[in-house]
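**Student:** The structure under discussion is supplied below as structure tokens; questions concerning it will follow.
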Amino acid sequence: MKTWQKITIILLILALIGILVFLYFYGASTTNPDDPDGVQNPVFPFEPPVGDDGDDFFSGDSGDPSDDDEENDPEEKDRLWRVSDRPVAGSGWVTREDGSQAIWYVLKENGHVYEHDIENRASTRLTNTTIPRVQEAIISPNGEHVIYRYIDIESRNIKTFLATTERTPDGETLYSIDGSFLPDNLTEVNLSPDGNRIFSFQNTTDGVIGVLYNITTDEGEVFFDSPLQEWRSEWNHSDLITIFTKPAAGVTGVAYQLNTTSGEKTKIIDGSALTASLHPSNQYLLTGKQESGSYRSRLYEMDDLTSNVMSPATLVEKCNWSDDELFCGIPNNLPNKPLKDWYQGKINFSDQLVSFHLATRNQDRIFTEEELNKGPFDIIKISPANNTEHLIFTNHRNNDLWAIDLENDQEN
């Protein structure tokens with residue numbers, strides 16, 4: 001073979017290799033692999049942060065150029081969409097002055113508050129006061145207050161900061177925040193449905209006290225006390241707080257109602273590894289119990305707690321109410337003893353979103369197969385909008401926030 005022929009063949013081979021390399025790297029640069037199993041964040045208890053980065057608790061600017069308004073494609077109108085791909089500490093529906101509702105959420109990394117418009121599906125940063133490593137955030141339904149919960153690096157105390165949001169006439173953000181700290185090491189904090197009162201548990205040398213605090217009047221009173229320290233609470237009904245002993249496998253727990261008007265404490269139900277959630281109308285009760293070696297959720301009517309009307313195969317923490325429905329994340333496989341490992345973030349579930357119609361007892365799977373493929377989803381913190389046309393939830397796998405348009409029916 002002549003020399004020029006050899007050179008030509010070599011050049012052709014090099015050109016072919018170059019094309020293949022270009023295609024490989026171009027393809028890799030346009031792929032966005034999803035690895036939801038990479039991060040696991042426990043819901044309870046708070047995890048102390050690792051290391052000390054010297055951050056002040058408050059600062060006026062995060063200094064992070066990536067913390068601009070989150071980009072969303074207004075042309076993208078999938079029924080299910082991701083509101084925030086960054087971990088959130090809390091979210092909720094806030095009613096605007098015109099009566100419409102928007103999604104507010106707080107980033108775990110810096111405490112910045114965002115508003116997400118469900119029509120154009122764009123997020124706008126509302127605050128720039130930095131509160132690092134927020135573990136839990138509770139947002140009032142009118143957006144006037146945000147409760148931040150975090151662990152102080154030096155003291156390892158649980159801090160609870162009650163912030164008031166105020167409109168800023170000028171500036172790069174719409175709101176500023178100011179406020180005050182509640183006592184250290186509150187083990188539970190709940191906000192009333194109207195957003196004006198706080199109920200919290202605080203351990204004492206004799207057990208625990210439950211304190212009812214009025215945000216408007218700045219007055220508090222001890223509303224509950226017990227020699228037991230392990231209590232949890234939920235506040236769905238305007239005048240009724242549901243409290244129950246912290247669930248533990250093989251331990252019999254009890255649930256009570258606290259009437260904030262009369263001060264009366266009424267036992268509701270008991271059971272092993274008990275959790276409980278009350279419908280806002282006080283008509284239904286959802287419980288989770290350990291029975292015959294397995295964990296079961298049961299839905300009762302409050303006037304008959306002897307026989308359940310439905311048994312969703314899930315944890316109570318994966319459910320929430322609308323007026324007429326119970327929405328739940330239903331795992332494709334619920335182990336007999338799921339509590340400890342799931343709470344501590346050692347295991348994750350893959351959930352289908354299901355609605356249970358309270359009056360008819362019918363149930364509907366909400367996610368389509370295509371929507372399931374956007375997951376997997378380990379669903380927590382479900383929150384339907386007031387009109388139940390939309391719903392938001394957090395994916396426990398990595399704490400990103402999702403929304404779904406329930407009015408946009410698709411075949412399941």
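Residue numbers start at 1 in each chain; chains themselves are named A, B, ... in the order of the structure tokens; ligands are numbered from 1 in the order shown.
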Could you name the residues that touch Ala137 of chain A at 12 Å or less, counting only C-alpha atoms, but leaving out those on the same chain fewer than 3 positions away, as a ChimeraX atom specification?
**Tutor:** /A:87-92,104-113,131,133-134,140,145-150,159-163,189-191,381
**Student:** Would you write out those residues with C-alpha atoms, as a short mmCIF file (atom, residue, chain, number, x, y, z; two decimals), in the first residue's frame?
**Tutor:**
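Listed below is the output, out25.cif:
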data_model
loop_
_atom_site.label_atom_id
_atom_site.label_comp_id
_atom_site.auth_asym_id
_atom_site.auth_seq_id
_atom_site.Cartn_x
_atom_site.Cartn_y
_atom_site.Cartn_z
CA PRO A 87 -34.67 21.22 49.48
CA VAL A 88 -37.49 23.05 51.26
CA ALA A 89 -38.01 23.32 55.02
CA GLY A 90 -41.70 24.10 54.72
CA SER A 91 -44.41 25.19 52.33
CA GLY A 92 -48.04 26.23 52.29
CA TRP A 104 -45.02 29.97 49.56
CA TYR A 105 -41.99 27.90 50.51
CA VAL A 106 -38.80 28.27 52.54
CA LEU A 107 -35.41 26.91 51.41
CA LYS A 108 -33.59 24.76 53.95
CA GLU A 109 -30.15 26.07 53.00
CA ASN A 110 -30.73 29.75 53.76
CA GLY A 111 -34.30 30.36 54.95
CA HIS A 112 -35.24 32.51 51.97
CA VAL A 113 -38.98 32.65 51.30
CA ILE A 131 -31.26 31.89 58.23
CA ARG A 133 -29.80 25.26 57.92
CA VAL A 134 -33.53 25.62 58.58
CA SER A 140 -49.28 31.29 58.19
CA HIS A 145 -45.80 35.03 59.88
CA VAL A 146 -43.15 32.40 59.29
CA ILE A 147 -41.87 30.15 62.09
CA TYR A 148 -38.27 29.00 61.56
CA ARG A 149 -36.86 25.98 63.42
CA TYR A 150 -33.17 25.11 63.39
CA LYS A 159 -34.14 27.40 68.17
CA THR A 160 -37.61 28.63 67.18
CA PHE A 161 -37.84 32.07 65.61
CA LEU A 162 -41.25 33.69 65.08
CA ALA A 163 -40.87 36.07 62.14
CA VAL A 189 -44.69 23.61 67.36
CA ASN A 190 -48.08 23.94 65.67
CA LEU A 191 -49.85 26.91 64.15
CA LYS A 381 -46.52 17.30 53.84
#
**Student:** If we count only C-alpha atoms, what is near Lys289 of chain A at a cut-off of 6 Å, once residues fewer than 2 positions away on the same chain are taken out, given as an mmCIF file with all heavy atoms, in the first residue's frame?
**Tutor:**
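That gives us out.cif:
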data_model
loop_
_atom_site.group_PDB
_atom_site.id
_atom_site.type_symbol
_atom_site.label_atom_id
_atom_site.label_comp_id
_atom_site.auth_asym_id
_atom_site.auth_seq_id
_atom_site.Cartn_x
_atom_site.Cartn_y
_atom_site.Cartn_z
ATOM 1 N N GLY A 271 -53.874 2.937 71.289
ATOM 2 C CA GLY A 271 -53.399 1.853 70.454
ATOM 3 C C GLY A 271 -51.888 1.817 70.412
ATOM 4 O O GLY A 271 -51.210 2.780 70.793
ATOM 5 N N SER A 272 -51.332 0.706 69.962
ATOM 6 C CA SER A 272 -49.892 0.530 69.893
ATOM 7 C C SER A 272 -49.302 1.355 68.751
ATOM 8 O O SER A 272 -49.833 1.364 67.640
ATOM 9 C CB SER A 272 -49.561 -0.955 69.680
ATOM 10 O OG SER A 272 -48.167 -1.159 69.596
ATOM 11 N N ALA A 273 -48.219 2.090 69.051
ATOM 12 C CA ALA A 273 -47.532 2.944 68.068
ATOM 13 C C ALA A 273 -48.508 3.917 67.414
ATOM 14 O O ALA A 273 -48.508 4.120 66.202
ATOM 15 C CB ALA A 273 -46.831 2.092 67.017
ATOM 16 N N LEU A 274 -49.319 4.559 68.225
ATOM 17 C CA LEU A 274 -50.443 5.350 67.736
ATOM 18 C C LEU A 274 -50.009 6.690 67.147
ATOM 19 O O LEU A 274 -49.183 7.399 67.711
ATOM 20 C CB LEU A 274 -51.424 5.608 68.886
ATOM 21 C CG LEU A 274 -52.655 6.461 68.551
ATOM 22 C CD1 LEU A 274 -53.626 5.670 67.680
ATOM 23 C CD2 LEU A 274 -53.328 6.922 69.843
ATOM 24 N N TYR A 295 -48.433 -2.708 60.640
ATOM 25 C CA TYR A 295 -48.868 -1.332 60.862
ATOM 26 C C TYR A 295 -50.052 -1.035 59.950
ATOM 27 O O TYR A 295 -49.996 -1.279 58.749
ATOM 28 C CB TYR A 295 -47.726 -0.358 60.584
ATOM 29 C CG TYR A 295 -48.031 1.060 61.013
ATOM 30 C CD1 TYR A 295 -47.831 1.474 62.324
ATOM 31 C CD2 TYR A 295 -48.531 1.980 60.096
ATOM 32 C CE1 TYR A 295 -48.119 2.765 62.726
ATOM 33 C CE2 TYR A 295 -48.819 3.278 60.488
ATOM 34 C CZ TYR A 295 -48.610 3.661 61.804
ATOM 35 O OH TYR A 295 -48.899 4.936 62.192
ATOM 36 N N ARG A 296 -51.127 -0.478 60.521
ATOM 37 C CA ARG A 296 -52.338 -0.207 59.746
ATOM 38 C C ARG A 296 -52.838 1.207 60.030
ATOM 39 O O ARG A 296 -52.784 1.675 61.161
ATOM 40 C CB ARG A 296 -53.457 -1.204 60.108
ATOM 41 C CG ARG A 296 -53.122 -2.652 59.813
ATOM 42 C CD ARG A 296 -54.276 -3.557 60.263
ATOM 43 N NE ARG A 296 -53.968 -4.968 60.047
ATOM 44 C CZ ARG A 296 -54.179 -5.625 58.922
ATOM 45 N NH1 ARG A 296 -54.708 -4.979 57.884
ATOM 46 N NH2 ARG A 296 -53.883 -6.905 58.807
#
**Student:** Contacts of Ala313 of chain A at 12 Å or less, counting only C-alpha atoms, minus same-chain residues fewer than 5 places along, as a list in words?
**Tutor:**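 The residues satisfying every condition are Leu286, Thr287, Gly288, Lys289, Ser294, Tyr295, Arg296, Ser297, Arg298, Leu299, Lys318, Cys319, Cys328, Gly329, Ile330, Pro331, Asn332, Asn333, Leu334, Pro335, Asn336, Pro338, Asp351, Gln352, Leu353, Val354 and Phe356 of chain A.
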**Student:** To one decimal place in Å, what is the distance between atom CA of Asp400 of chain A and atom CA of Trp81 of chain A?
**Tutor:**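 Between these atoms lies a distance of 11.0 Å.
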